[in-house]
file coords_25.cif (mmCIF, C-alpha atoms)
data_run
loop_
_atom_site.label_atom_id
_atom_site.label_comp_id
_atom_site.auth_asym_id
_atom_site.auth_seq_id
_atom_site.Cartn_x
_atom_site.Cartn_y
_atom_site.Cartn_z
CA MET A 176 0.00 0.00 0.00
CA SER A 177 1.50 3.34 -0.99
CA THR A 178 2.26 6.16 1.45
CA GLU A 179 -0.13 8.35 -0.51
CA THR A 180 -2.94 5.83 0.01
CA VAL A 181 -2.26 5.48 3.73
CA ALA A 182 -2.22 9.23 4.22
CA ALA A 183 -5.45 9.75 2.33
CA GLY A 184 -7.57 9.04 5.37
CA THR A 185 -5.88 11.65 7.57
CA ALA A 186 -4.47 14.31 5.26
CA ALA A 187 -6.42 17.50 4.67
CA GLY A 188 -8.27 17.63 1.38
CA PRO A 189 -8.23 20.68 -0.91
CA LEU A 190 -11.77 21.71 0.15
CA ASP A 191 -11.64 20.85 3.87
CA ALA A 192 -11.24 24.41 5.13
CA TRP A 193 -14.14 25.59 2.98
CA LEU A 194 -16.28 22.63 4.07
CA ARG A 195 -15.59 23.37 7.75
CA ASP A 196 -16.59 27.01 7.23
CA ARG A 197 -19.85 26.00 5.58
CA ALA A 198 -20.59 23.52 8.38
CA ARG A 199 -19.98 26.24 10.99
CA GLU A 200 -22.35 28.59 9.18
CA ARG A 201 -25.10 25.99 9.13
CA GLU A 202 -24.58 25.28 12.82
CA ASP A 203 -24.75 28.98 13.71
CA LEU A 204 -28.01 29.39 11.77
CA GLY A 205 -29.62 26.29 13.24
CA LEU A 206 -29.81 24.73 9.77
CA ARG A 207 -27.61 21.67 10.24
CA ARG A 208 -29.28 18.49 9.05
CA GLU A 209 -28.37 14.94 9.94
CA LEU A 210 -29.56 11.40 9.33
CA ARG A 211 -31.38 9.86 12.28
CA PRO A 212 -32.74 6.35 11.78
CA MET A 213 -36.09 5.77 13.45
CA ARG A 214 -35.84 3.08 16.10
CA GLY A 215 -38.42 1.46 18.31
CA PRO A 216 -42.18 2.03 18.35
CA CYS A 217 -43.05 5.44 16.98
CA VAL A 218 -46.26 7.09 15.78
CA ASP A 219 -45.40 8.34 12.31
CA LEU A 220 -46.74 11.84 11.62
CA ALA A 221 -43.73 12.72 9.48
CA SER A 222 -43.71 10.54 6.39
CA ASN A 223 -45.31 11.19 3.00
CA ASP A 224 -47.19 7.88 3.01
CA TYR A 225 -50.45 9.83 2.90
CA LEU A 226 -52.82 6.91 2.38
CA GLY A 227 -50.83 4.27 4.26
CA LEU A 228 -50.40 2.24 1.09
CA SER A 229 -46.70 1.47 1.57
CA ARG A 230 -47.75 -1.21 4.06
CA ASP A 231 -50.98 -2.26 2.38
CA PRO A 232 -50.95 -6.06 1.86
CA ARG A 233 -52.06 -5.73 -1.78
CA VAL A 234 -49.26 -3.30 -2.58
CA ARG A 235 -46.64 -5.42 -0.82
CA ALA A 236 -47.86 -8.55 -2.57
CA ALA A 237 -47.54 -6.85 -5.96
CA ALA A 238 -43.97 -5.85 -5.11
CA HIS A 239 -43.14 -9.42 -4.02
CA ARG A 240 -44.51 -10.88 -7.26
CA ALA A 241 -42.39 -8.47 -9.33
CA LEU A 242 -39.34 -9.25 -7.20
CA ASP A 243 -39.78 -12.98 -7.76
CA GLU A 244 -40.39 -12.58 -11.49
CA TYR A 245 -37.86 -9.91 -12.46
CA GLY A 246 -35.27 -9.77 -9.67
CA THR A 247 -34.11 -6.89 -7.51
CA GLY A 248 -33.26 -4.37 -10.22
CA SER A 249 -33.99 -3.45 -13.81
CA ARG A 250 -30.31 -3.96 -14.71
CA ALA A 251 -30.16 -1.29 -17.43
CA SER A 252 -31.74 1.87 -18.75
CA ARG A 253 -35.17 1.69 -20.33
CA LEU A 254 -33.61 2.15 -23.78
CA VAL A 255 -31.33 -0.87 -23.43
CA THR A 256 -32.83 -3.88 -21.65
CA GLY A 257 -34.40 -2.14 -18.64
CA THR A 258 -37.95 -1.84 -19.95
CA LEU A 259 -40.03 -4.59 -18.36
CA PRO A 260 -43.75 -5.35 -18.71
CA VAL A 261 -44.32 -3.93 -15.23
CA HIS A 262 -43.23 -0.47 -16.42
CA GLY A 263 -45.90 -0.50 -19.09
CA GLU A 264 -48.47 -1.65 -16.51
CA LEU A 265 -47.50 1.23 -14.25
CA GLU A 266 -47.74 3.80 -17.03
CA HIS A 267 -51.17 2.48 -17.98
CA ALA A 268 -52.36 2.62 -14.35
CA LEU A 269 -51.18 6.22 -14.01
CA CYS A 270 -52.99 7.21 -17.21
CA GLU A 271 -56.16 5.57 -15.90
CA LEU A 272 -55.85 7.40 -12.58
CA THR A 273 -55.20 10.85 -14.04
CA SER A 274 -57.05 10.53 -17.39
CA GLN A 275 -53.92 11.62 -19.21
CA PRO A 276 -53.24 10.09 -22.66
CA ALA A 277 -49.66 8.92 -22.08
CA ALA A 278 -47.09 8.53 -19.32
CA LEU A 279 -43.35 7.98 -19.02
CA VAL A 280 -41.95 6.64 -15.75
CA PHE A 281 -38.67 7.93 -14.26
CA SER A 282 -36.64 6.62 -11.33
CA SER A 283 -37.83 9.44 -9.03
CA GLY A 284 -40.08 12.47 -8.96
CA TYR A 285 -36.96 14.63 -8.89
CA ALA A 286 -35.74 13.00 -12.09
CA ALA A 287 -39.14 13.46 -13.74
CA ASN A 288 -39.18 17.19 -12.99
CA THR A 289 -35.61 17.84 -14.06
CA GLY A 290 -36.07 15.58 -17.07
CA VAL A 291 -39.13 17.27 -18.52
CA LEU A 292 -37.81 20.80 -18.09
CA THR A 293 -34.37 20.08 -19.50
CA ALA A 294 -35.91 18.24 -22.46
CA LEU A 295 -38.34 21.05 -23.27
CA GLY A 296 -36.25 24.07 -22.39
CA ASP A 297 -33.81 26.00 -24.53
CA ALA A 298 -32.85 29.58 -25.31
CA ASP A 299 -36.09 30.08 -27.24
CA THR A 300 -38.36 28.85 -24.43
CA LEU A 301 -39.23 31.12 -21.51
CA ILE A 302 -39.87 29.37 -18.20
CA VAL A 303 -42.21 31.23 -15.84
CA SER A 304 -41.86 29.56 -12.46
CA ASP A 305 -44.01 30.13 -9.38
CA ALA A 306 -41.98 31.45 -6.46
CA HIS A 307 -42.90 28.46 -4.25
CA VAL A 308 -42.15 25.48 -6.50
CA HIS A 309 -40.11 22.51 -5.34
CA ALA A 310 -36.32 22.41 -5.59
CA SER A 311 -36.51 19.78 -8.34
CA LEU A 312 -38.40 22.23 -10.56
CA VAL A 313 -36.01 25.03 -9.67
CA ASP A 314 -33.06 22.84 -10.63
CA GLY A 315 -34.76 21.68 -13.82
CA ALA A 316 -35.33 25.28 -14.87
CA ARG A 317 -31.70 26.17 -14.12
CA LEU A 318 -30.39 23.20 -16.09
CA SER A 319 -32.68 23.80 -19.04
CA ARG A 320 -30.65 26.77 -20.35
CA SER A 321 -33.91 28.62 -20.75
CA PRO A 322 -34.46 32.20 -19.66
CA VAL A 323 -36.34 31.99 -16.34
CA ARG A 324 -38.71 34.51 -14.76
CA ILE A 325 -40.09 34.04 -11.26
CA ALA A 326 -43.79 34.79 -10.82
CA ARG A 327 -45.22 35.89 -7.49
CA HIS A 328 -46.87 32.98 -5.73
CA SER A 329 -50.22 32.06 -7.30
CA ASP A 330 -50.43 35.50 -8.93
CA VAL A 331 -52.15 34.83 -12.26
CA ALA A 332 -51.95 38.47 -13.34
CA HIS A 333 -48.18 38.42 -12.89
CA VAL A 334 -47.93 35.20 -14.92
CA GLU A 335 -49.98 36.79 -17.70
CA GLN A 336 -47.75 39.87 -17.64
CA LEU A 337 -44.59 37.81 -17.95
CA LEU A 338 -46.07 35.77 -20.79
CA ALA A 339 -47.25 38.88 -22.63
CA GLU A 340 -43.84 40.56 -22.33
CA ARG A 341 -41.82 37.61 -23.57
CA SER A 342 -39.80 37.67 -26.77
CA GLN A 343 -39.34 33.89 -26.94
CA PRO A 344 -41.61 31.89 -29.28
CA ARG A 345 -42.34 29.24 -26.64
CA ALA A 346 -43.15 29.40 -22.93
CA ILE A 347 -43.71 27.00 -20.02
CA VAL A 348 -45.49 27.99 -16.79
CA VAL A 349 -44.34 25.84 -13.86
CA VAL A 350 -46.50 25.34 -10.76
CA GLU A 351 -47.46 22.76 -8.16
CA SER A 352 -51.09 21.75 -7.80
CA VAL A 353 -50.87 21.56 -3.99
CA TYR A 354 -47.99 23.35 -2.27
CA SER A 355 -46.42 21.35 0.52
CA VAL A 356 -45.56 24.07 3.07
CA TRP A 357 -48.73 26.17 3.10
CA GLY A 358 -51.00 23.45 1.73
CA ASP A 359 -52.65 25.91 -0.66
CA HIS A 360 -53.94 25.03 -4.13
CA ALA A 361 -52.66 26.66 -7.29
CA PRO A 362 -55.33 28.57 -9.27
CA LEU A 363 -55.07 25.98 -12.03
CA GLU A 364 -58.19 26.95 -13.95
CA ALA A 365 -57.11 30.59 -14.28
CA LEU A 366 -53.55 29.58 -15.07
CA ALA A 367 -54.75 27.17 -17.75
CA ARG A 368 -56.81 29.94 -19.36
CA ALA A 369 -53.81 32.29 -19.27
CA CYS A 370 -51.57 29.66 -20.86
CA ARG A 371 -54.11 28.94 -23.56
CA ALA A 372 -54.47 32.66 -24.34
CA HIS A 373 -50.70 33.13 -24.58
CA ASP A 374 -49.89 29.83 -26.33
CA ALA A 375 -47.91 28.52 -23.37
CA LEU A 376 -47.60 25.08 -21.79
CA LEU A 377 -48.74 24.64 -18.17
CA LEU A 378 -46.56 22.16 -16.27
CA VAL A 379 -48.27 21.02 -13.06
CA ASP A 380 -46.41 19.04 -10.40
CA GLU A 381 -49.06 16.84 -8.73
CA ALA A 382 -46.66 15.42 -6.12
CA HIS A 383 -48.97 16.47 -3.27
CA GLY A 384 -52.16 16.27 -5.33
CA ILE A 385 -52.28 12.62 -6.40
CA GLY A 386 -54.09 10.59 -3.75
CA VAL A 387 -55.18 13.81 -2.03
CA ALA A 388 -57.10 16.20 -4.31
CA GLY A 389 -59.94 15.22 -6.60
CA ARG A 390 -60.78 12.21 -4.41
CA GLY A 391 -57.32 10.87 -5.19
CA ARG A 392 -57.12 11.60 -8.91
CA GLY A 393 -55.36 14.94 -8.53
CA LEU A 394 -56.32 18.60 -8.71
CA ALA A 395 -56.03 18.80 -12.51
CA HIS A 396 -58.56 16.00 -12.86
CA GLU A 397 -60.89 17.59 -10.32
CA LEU A 398 -60.90 20.86 -12.28
CA GLY A 399 -61.52 19.23 -15.65
CA LEU A 400 -58.02 19.83 -17.01
CA ALA A 401 -57.11 16.17 -17.51
CA GLY A 402 -56.06 15.55 -21.10
CA ALA A 403 -55.97 19.23 -22.03
CA PRO A 404 -53.35 19.63 -24.80
CA HIS A 405 -51.65 22.58 -23.11
CA VAL A 406 -51.39 20.90 -19.66
CA VAL A 407 -48.64 18.45 -18.66
CA LEU A 408 -48.46 16.71 -15.29
CA THR A 409 -45.62 15.32 -13.24
CA VAL A 410 -46.20 12.97 -10.33
CA THR A 411 -44.16 11.24 -7.69
CA LEU A 412 -44.84 7.64 -6.74
CA SER A 413 -43.28 7.96 -3.28
CA LYS A 414 -45.99 9.89 -1.45
CA ALA A 415 -49.66 8.87 -1.65
CA LEU A 416 -48.79 5.84 -3.81
CA GLY A 417 -46.40 4.54 -1.17
CA ALA A 418 -43.67 3.35 -3.51
CA GLN A 419 -40.82 5.07 -5.35
CA GLY A 420 -40.32 6.75 -8.72
CA GLY A 421 -41.90 9.53 -10.75
CA ALA A 422 -43.62 10.12 -14.06
CA VAL A 423 -44.48 12.73 -16.67
CA LEU A 424 -47.99 12.57 -18.14
CA GLY A 425 -49.06 14.26 -21.35
CA SER A 426 -49.46 13.52 -25.04
CA GLU A 427 -47.92 10.62 -26.94
CA LEU A 428 -45.86 13.20 -28.85
CA LEU A 429 -44.44 14.53 -25.59
CA ARG A 430 -43.69 11.01 -24.35
CA ASP A 431 -41.73 10.24 -27.51
CA HIS A 432 -39.74 13.45 -27.14
CA LEU A 433 -38.89 12.71 -23.51
CA LEU A 434 -37.96 9.13 -24.31
CA ASN A 435 -35.36 10.50 -26.73
CA ARG A 436 -34.27 13.74 -25.08
CA ALA A 437 -34.77 13.61 -21.28
CA ARG A 438 -31.29 12.83 -19.97
CA PRO A 439 -32.49 11.66 -16.49
CA PHE A 440 -34.50 9.03 -18.39
CA VAL A 441 -32.07 8.11 -21.18
CA TYR A 442 -28.98 7.72 -18.98
CA ASP A 443 -30.53 6.35 -15.80
CA THR A 444 -31.21 2.75 -14.80
CA ALA A 445 -34.91 1.99 -15.02
CA LEU A 446 -37.12 2.05 -11.94
CA ALA A 447 -36.78 -1.19 -9.96
CA PRO A 448 -39.55 -3.66 -10.86
CA ALA A 449 -40.78 -4.08 -7.27
CA SER A 450 -41.28 -0.31 -6.95
CA ALA A 451 -43.02 -0.16 -10.32
CA ALA A 452 -45.41 -2.98 -9.42
CA ALA A 453 -46.14 -1.49 -6.00
CA ALA A 454 -46.92 1.92 -7.50
CA ALA A 455 -49.16 0.37 -10.19
CA GLU A 456 -51.18 -1.53 -7.60
CA ALA A 457 -51.43 1.58 -5.41
CA ALA A 458 -52.69 3.62 -8.37
CA ARG A 459 -55.38 1.03 -9.01
CA ILE A 460 -56.40 1.10 -5.35
CA VAL A 461 -56.63 4.91 -5.30
CA LEU A 462 -58.76 4.87 -8.44
CA GLY A 463 -61.11 2.25 -7.03
CA ARG A 464 -61.26 3.59 -3.47
CA PRO A 465 -61.95 7.36 -3.56
CA GLU A 466 -62.96 7.19 0.10
CA LEU A 467 -59.27 6.89 0.98
CA ALA A 468 -58.80 10.58 0.14
CA ASP A 469 -61.92 11.40 2.15
CA ARG A 470 -60.47 9.67 5.20
CA LEU A 471 -57.21 11.52 4.74
CA HIS A 472 -58.97 14.89 4.76
CA GLU A 473 -61.01 13.94 7.83
CA ARG A 474 -57.83 13.16 9.73
CA ALA A 475 -56.10 16.30 8.46
CA ALA A 476 -59.04 18.34 9.75
CA PHE A 477 -58.77 16.55 13.10
CA VAL A 478 -55.11 17.55 13.40
CA ALA A 479 -55.69 21.17 12.37
CA ARG A 480 -58.58 21.58 14.78
CA ALA A 481 -56.75 19.97 17.69
CA LEU A 482 -53.70 22.20 17.21
CA ASP A 483 -55.71 25.35 16.41
CA VAL A 484 -54.06 26.02 13.06
CA PRO A 485 -55.73 26.92 9.74
CA LEU A 486 -56.85 23.85 7.85
CA ALA A 487 -54.72 23.24 4.77
CA ARG A 488 -56.47 21.55 1.85
CA ALA A 489 -53.64 19.05 1.79
CA ALA A 490 -52.31 15.98 3.55
CA VAL A 491 -49.73 18.00 5.48
CA GLN A 492 -50.77 20.36 8.26
CA SER A 493 -48.09 22.76 9.47
CA VAL A 494 -47.66 24.49 12.82
CA PRO A 495 -45.58 27.71 12.76
CA VAL A 496 -43.06 27.81 15.61
CA GLY A 497 -40.77 30.64 14.55
CA SER A 498 -37.06 29.93 14.59
CA ALA A 499 -35.27 26.93 13.17
CA GLU A 500 -33.83 26.13 16.60
CA LEU A 501 -37.27 25.92 18.18
CA ALA A 502 -38.57 23.70 15.39
CA VAL A 503 -35.61 21.33 15.67
CA ASP A 504 -35.90 21.16 19.47
CA ALA A 505 -39.64 20.46 19.33
CA ALA A 506 -39.18 17.71 16.74
CA ARG A 507 -36.38 16.15 18.79
CA ILE A 508 -38.42 16.15 22.01
CA LEU A 509 -41.39 14.63 20.23
CA ARG A 510 -39.23 11.89 18.74
CA GLU A 511 -38.01 11.08 22.25
CA ARG A 512 -41.67 10.85 23.32
CA GLY A 513 -42.55 8.44 20.54
CA VAL A 514 -43.99 10.78 17.91
CA ALA A 515 -42.19 11.51 14.65
CA VAL A 516 -43.01 14.87 13.06
CA GLY A 517 -41.41 16.71 10.17
CA CYS A 518 -39.56 19.97 10.48
CA PHE A 519 -39.75 22.72 7.85
CA ARG A 520 -36.78 25.11 8.00
CA PRO A 521 -35.14 27.56 5.62
CA PRO A 522 -34.56 27.23 2.73
CA SER A 523 -37.63 24.97 2.53
CA VAL A 524 -40.06 27.60 3.86
CA PRO A 525 -40.96 30.51 1.55
CA ASP A 526 -41.64 33.00 4.36
CA GLY A 527 -38.66 32.14 6.57
CA ILE A 528 -40.87 30.84 9.42
CA SER A 529 -39.94 27.36 10.56
CA ARG A 530 -42.77 24.89 11.13
CA LEU A 531 -43.59 21.48 12.44
CA ARG A 532 -44.99 19.32 9.65
CA LEU A 533 -47.68 16.78 10.55
CA THR A 534 -49.20 14.17 8.26
CA ALA A 535 -52.15 12.12 9.47
CA ARG A 536 -52.39 9.11 7.18
CA ALA A 537 -55.72 7.81 5.95
CA ASN A 538 -55.13 4.44 7.62
CA MET A 539 -54.45 5.85 11.09
CA GLU A 540 -56.94 5.04 13.83
CA LEU A 541 -58.33 8.16 15.46
CA GLN A 542 -57.50 7.06 19.00
CA GLU A 543 -53.82 6.68 18.15
CA LEU A 544 -53.84 9.95 16.22
CA SER A 545 -55.49 11.78 19.12
CA GLY A 546 -52.87 10.55 21.58
CA ALA A 547 -50.04 11.63 19.29
CA VAL A 548 -51.55 15.08 18.73
CA ASP A 549 -51.94 15.51 22.49
CA ARG A 550 -48.19 15.00 22.86
CA VAL A 551 -47.54 17.55 20.12
CA ARG A 552 -49.75 20.05 21.92
CA GLU A 553 -47.92 19.44 25.20
CA VAL A 554 -44.54 20.12 23.61
CA LEU A 555 -45.79 23.24 21.85
CA ARG A 556 -46.96 24.64 25.19
CA THR A 557 -43.37 24.53 26.42
CA LEU A 558 -42.23 26.95 23.71
CA GLU A 559 -42.06 30.62 24.60
CA PRO A 560 -45.21 32.29 23.21
CA SER A 561 -43.18 35.35 22.22
CA GLN A 562 -41.00 33.17 20.04
CA ARG A 563 -43.85 31.51 18.17
CA HIS A 564 -45.46 32.96 15.08
CA ALA A 565 -49.19 32.44 14.64
CA GLY A 566 -50.11 31.54 11.08
CA ASP A 567 -52.27 33.85 9.02
CA GLY A 568 -55.90 33.29 9.88
CA ALA A 569 -55.04 31.18 12.93
CA ASP A 570 -58.29 32.28 14.59
CA ARG A 571 -60.40 31.20 11.62
CA ALA A 572 -63.22 28.81 12.50
CA LEU A 573 -62.44 25.30 11.30
CA PRO A 574 -65.08 22.94 9.92
CA SER A 575 -66.58 20.34 12.19
CA ILE A 576 -65.35 16.81 11.62
CA ALA A 577 -67.54 13.81 10.93
CA LEU A 578 -65.34 11.07 12.35
CA PRO A 579 -65.38 7.84 10.33
CA ALA A 580 -65.77 4.39 11.75
CA ALA A 581 -62.58 2.92 13.12
CA ASP A 582 -62.84 -0.34 11.15
CA SER A 583 -63.43 0.91 7.62
CA GLY A 584 -60.98 -1.61 6.21
CA VAL A 585 -58.58 1.00 4.85
CA GLY A 586 -55.02 -0.27 4.85
CA ALA A 587 -56.11 -3.55 6.38
CA GLY A 588 -53.31 -5.31 8.15
CA THR A 589 -51.42 -2.14 9.03
CA SER A 590 -50.79 -0.76 12.47
CA PRO A 591 -50.93 2.90 13.47
CA VAL A 592 -47.80 2.37 15.56
CA GLN A 593 -44.96 1.28 13.35
CA GLU A 594 -41.89 -0.62 14.48
CA VAL A 595 -39.13 1.17 12.60
CA THR A 596 -35.58 -0.13 12.62
CA ALA A 597 -32.44 1.02 10.91
#

call {"tool": "encode", "arguments": {"input": "coords_25.cif", "output": "structure tokens"}}
result
Amino acid sequence: MSTETVAAGTAAGPLDAWLRDRAREREDLGLRRELRPMRGPCVDLASNDYLGLSRDPRVRAAAHRALDEYGTGSRASRLVTGTLPVHGELEHALCELTSQPAALVFSSGYAANTGVLTALGDADTLIVSDAHVHASLVDGARLSRSPVRIARHSDVAHVEQLLAERSQPRAIVVVESVYSVWGDHAPLEALARACRAHDALLLVDEAHGIGVAGRGRGLAHELGLAGAPHVVLTVTLSKALGAQGGAVLGSELLRDHLLNRARPFVYDTALAPASAAAAAEAARIVLGRPELADRLHERAAFVARALDVPLARAAVQSVPVGSAELAVDAARILRERGVAVGCFRPPSVPDGISRLRLTARANMELQELSGAVDRVREVLRTLEPSQRHAGDGADRALPSIALPAADSGVGAGTSPVQEVTA
């Protein structure tokens, strides 16, 4: 073994000083993140498994069948030998769920968003991006080499102004259907009209809409925009569908273009067959069981009412706590008390206010949910009131909740308390 190899583990690297400075800055701002495996029994109010389908016996059985038939991985990109029958089944199931004409599956939602924007963008295509879109859309716009203009959040008039002022022959307006931090809905109908009037494409990320809005079929479907020629959807398979992967849904012409030009598709190994089969089965369940989304919203309303926060029309309910340090401390204490909650901190929050992020899954029993929310309320009481920021409209009256029966059969075979091990 050479001296150079031996010294590699202890010698300073060329970027070490810079890396230490960046780490110190994050620590000072309370923005340091770390990986903490969940161990022991824990009530999960943090994950994106909105409908509880990741543990549904039907979804797991579909994954097992694909694992037995095709093995652990796809072994190549879709354009080589990685396309398996299960990928086609998944794309068909997603088209059925969303009423879109064609779909192309990617290995993640992040890859789908970066893939579609980089494949459609160029110097002659203006991208008008909502100020609150996800980092994957931000990165896709940056990588597209398109001119990018940022529109004020959900401001249709500003979008129209930017489209009217453009000099480029093509334009793409980029939004999310349901925004994850505030839980607000994009004004999709008005945006679709604006795009139609200005000959622009509307790209809608339904990551938080599928399984949630439109009784599970997404906000675009609910508003009658499914299949519209100037509307393209992206979805993730790792939230309400309980699996992994992502997809772009639009016309057959768009699918063919992405298949040839989207680098995160062309040069990436295909989605693992077990994940594809799980997502396909979950999509079929969501389509056939619209009451799952109803149960989700009932539990979301329960959480919002119990914590006296405005009800978000989304799976995630957020509780403003002010500083990043307070949010991190509250999440840590709750984890120690057997409740896992998410933590929104800059740069993930558009207004700079850190929040606790709570997701009440559709398959959670109300008794277990109530006990977990009580612990959240207890921890929040320990925070200094002067340090907490009430959300806008925090005193707004919330709707009464019609609590469903405890044994509705949703997510049969799952437990509200999950044993999570590293």

call {"tool": "resolve_selection", "arguments": {"input": "coords_25.cif", "expression": "the PyMOL selection byres ((chain A and resi 363) around 8)", "output": "NGL selection string"}}
result
:A and (352 or 361-362 or 364-367 or 395 or 398)

call {"tool": "write_last_selection", "arguments": {"input": "coords_25.cif", "atoms": "C-alpha atoms", "output": "mmCIF file, keeping the file's coordinate frame"}}
result
data_model
loop_
_atom_site.group_PDB
_atom_site.id
_atom_site.type_symbol
_atom_site.label_atom_id
_atom_site.label_comp_id
_atom_site.auth_asym_id
_atom_site.auth_seq_id
_atom_site.Cartn_x
_atom_site.Cartn_y
_atom_site.Cartn_z
ATOM 1 C CA SER A 352 -51.090 21.750 -7.800
ATOM 2 C CA ALA A 361 -52.660 26.660 -7.290
ATOM 3 C CA PRO A 362 -55.330 28.570 -9.270
ATOM 4 C CA GLU A 364 -58.190 26.950 -13.950
ATOM 5 C CA ALA A 365 -57.110 30.590 -14.280
ATOM 6 C CA LEU A 366 -53.550 29.580 -15.070
ATOM 7 C CA ALA A 367 -54.750 27.170 -17.750
ATOM 8 C CA ALA A 395 -56.030 18.800 -12.510
ATOM 9 C CA LEU A 398 -60.900 20.860 -12.280
#

call {"tool": "residues_near_point", "arguments": {"input": "coords_25.cif", "point": "(-36.1, 27.6, 2.0)", "cutoff": "12 Å", "atoms": "only C-alpha atoms", "output": "compact mmCIF listing (two decimals) with C-alpha atoms, in the frame of the given file"}}
result
# COMPACT_ATOMS: atom_id res chain seq x y z
CA LEU A 206 -29.81 24.73 9.77
CA ALA A 306 -41.98 31.45 -6.46
CA HIS A 307 -42.90 28.46 -4.25
CA VAL A 308 -42.15 25.48 -6.50
CA HIS A 309 -40.11 22.51 -5.34
CA ALA A 310 -36.32 22.41 -5.59
CA VAL A 313 -36.01 25.03 -9.67
CA VAL A 356 -45.56 24.07 3.07
CA ALA A 499 -35.27 26.93 13.17
CA CYS A 518 -39.56 19.97 10.48
CA PHE A 519 -39.75 22.72 7.85
CA ARG A 520 -36.78 25.11 8.00
CA PRO A 521 -35.14 27.56 5.62
CA PRO A 522 -34.56 27.23 2.73
CA SER A 523 -37.63 24.97 2.53
CA VAL A 524 -40.06 27.60 3.86
CA PRO A 525 -40.96 30.51 1.55
CA ASP A 526 -41.64 33.00 4.36
CA GLY A 527 -38.66 32.14 6.57
CA ILE A 528 -40.87 30.84 9.42
CA SER A 529 -39.94 27.36 10.56
CA ARG A 530 -42.77 24.89 11.13

call {"tool": "resolve_selection", "arguments": {"input": "coords_25.cif", "expression": "the PyMOL selection byres ((chain A and resi 250) around 12)", "output": "PyMOL selection string"}}
result
chain A and resi 245-249+251-259+443-448

call {"tool": "closest_residue", "arguments": {"input": "coords_25.cif", "among": "A:Ile347, A:Ala452, A:Ala237, A:Leu318", "to": "Leu269 of chain A", "atoms": "all atoms listed in the file"}}
result
A:Ala452

call {"tool": "resolve_selection", "arguments": {"input": "coords_25.cif", "expression": "the PyMOL selection byres ((chain A and resi 357) around 10)", "output": "ChimeraX atom specification"}}
result
/A:307,353-356,358-360,485-489,491-494,524-526,566

call {"tool": "atom_distance", "arguments": {"input": "coords_25.cif", "atom1": "atom CA of Ala369 of chain A", "atom2": "atom CA of Pro439 of chain A"}}
result
29.8 Å

call {"tool": "closest_residue", "arguments": {"input": "coords_25.cif", "among": "A:Asn223, A:Ser545, A:Ser321, A:Ser498", "to": "Ala298 of chain A", "atoms": "all atoms listed in the file"}}
result
A:Ser321

call {"tool": "atom_distance", "arguments": {"input": "coords_25.cif", "atom1": "atom CA of Ala457 of chain A", "atom2": "atom CA of Leu272 of chain A"}}
result
10.2 Å

call {"tool": "atom_distance", "arguments": {"input": "coords_25.cif", "atom1": "atom CA of Val423 of chain A", "atom2": "atom CA of Val280 of chain A"}}
result
6.7 Å

call {"tool": "closest_residue", "arguments": {"input": "coords_25.cif", "among": "A:Val331, A:Leu533, A:Leu424, A:Ala241", "to": "Ala455 of chain A", "atoms": "only C-alpha atoms"}}
result
A:Ala241

call {"tool": "residues_near_point", "arguments": {"input": "coords_25.cif", "point": "(-46.1, 8.2, -1.5)", "cutoff": "9 Å", "atoms": "only C-alpha atoms", "output": "ChimeraX atom specification"}}
result
/A:222-229,382-383,386,411-419,454

call {"tool": "closest_residue", "arguments": {"input": "coords_25.cif", "among": "A:Ala238, A:Leu467, A:Val291, A:Leu509", "to": "Gly425 of chain A", "atoms": "all atoms listed in the file"}}
result
A:Val291

call {"tool": "residues_around", "arguments": {"input": "coords_25.cif", "residues": "Arg345 of chain A", "least_positions_apart": "4", "cutoff": "10 Å", "atoms": "all atoms listed in the file", "output": "PDB file with C-alpha atoms, keeping the file's coordinate frame"}}
result
ATOM      1  CA  LEU A 295     -38.340  21.050 -23.270  1.00  0.00           C
ATOM      2  CA  GLY A 296     -36.250  24.070 -22.390  1.00  0.00           C
ATOM      3  CA  ASP A 297     -33.810  26.000 -24.530  1.00  0.00           C
ATOM      4  CA  ALA A 298     -32.850  29.580 -25.310  1.00  0.00           C
ATOM      5  CA  ASP A 299     -36.090  30.080 -27.240  1.00  0.00           C
ATOM      6  CA  THR A 300     -38.360  28.850 -24.430  1.00  0.00           C
ATOM      7  CA  LEU A 301     -39.230  31.120 -21.510  1.00  0.00           C
ATOM      8  CA  ILE A 302     -39.870  29.370 -18.200  1.00  0.00           C
ATOM      9  CA  LEU A 338     -46.070  35.770 -20.790  1.00  0.00           C
ATOM     10  CA  ARG A 341     -41.820  37.610 -23.570  1.00  0.00           C
ATOM     11  CA  HIS A 373     -50.700  33.130 -24.580  1.00  0.00           C
ATOM     12  CA  ASP A 374     -49.890  29.830 -26.330  1.00  0.00           C
ATOM     13  CA  ALA A 375     -47.910  28.520 -23.370  1.00  0.00           C
ATOM     14  CA  LEU A 376     -47.600  25.080 -21.790  1.00  0.00           C
TER      15      LEU A 376
END
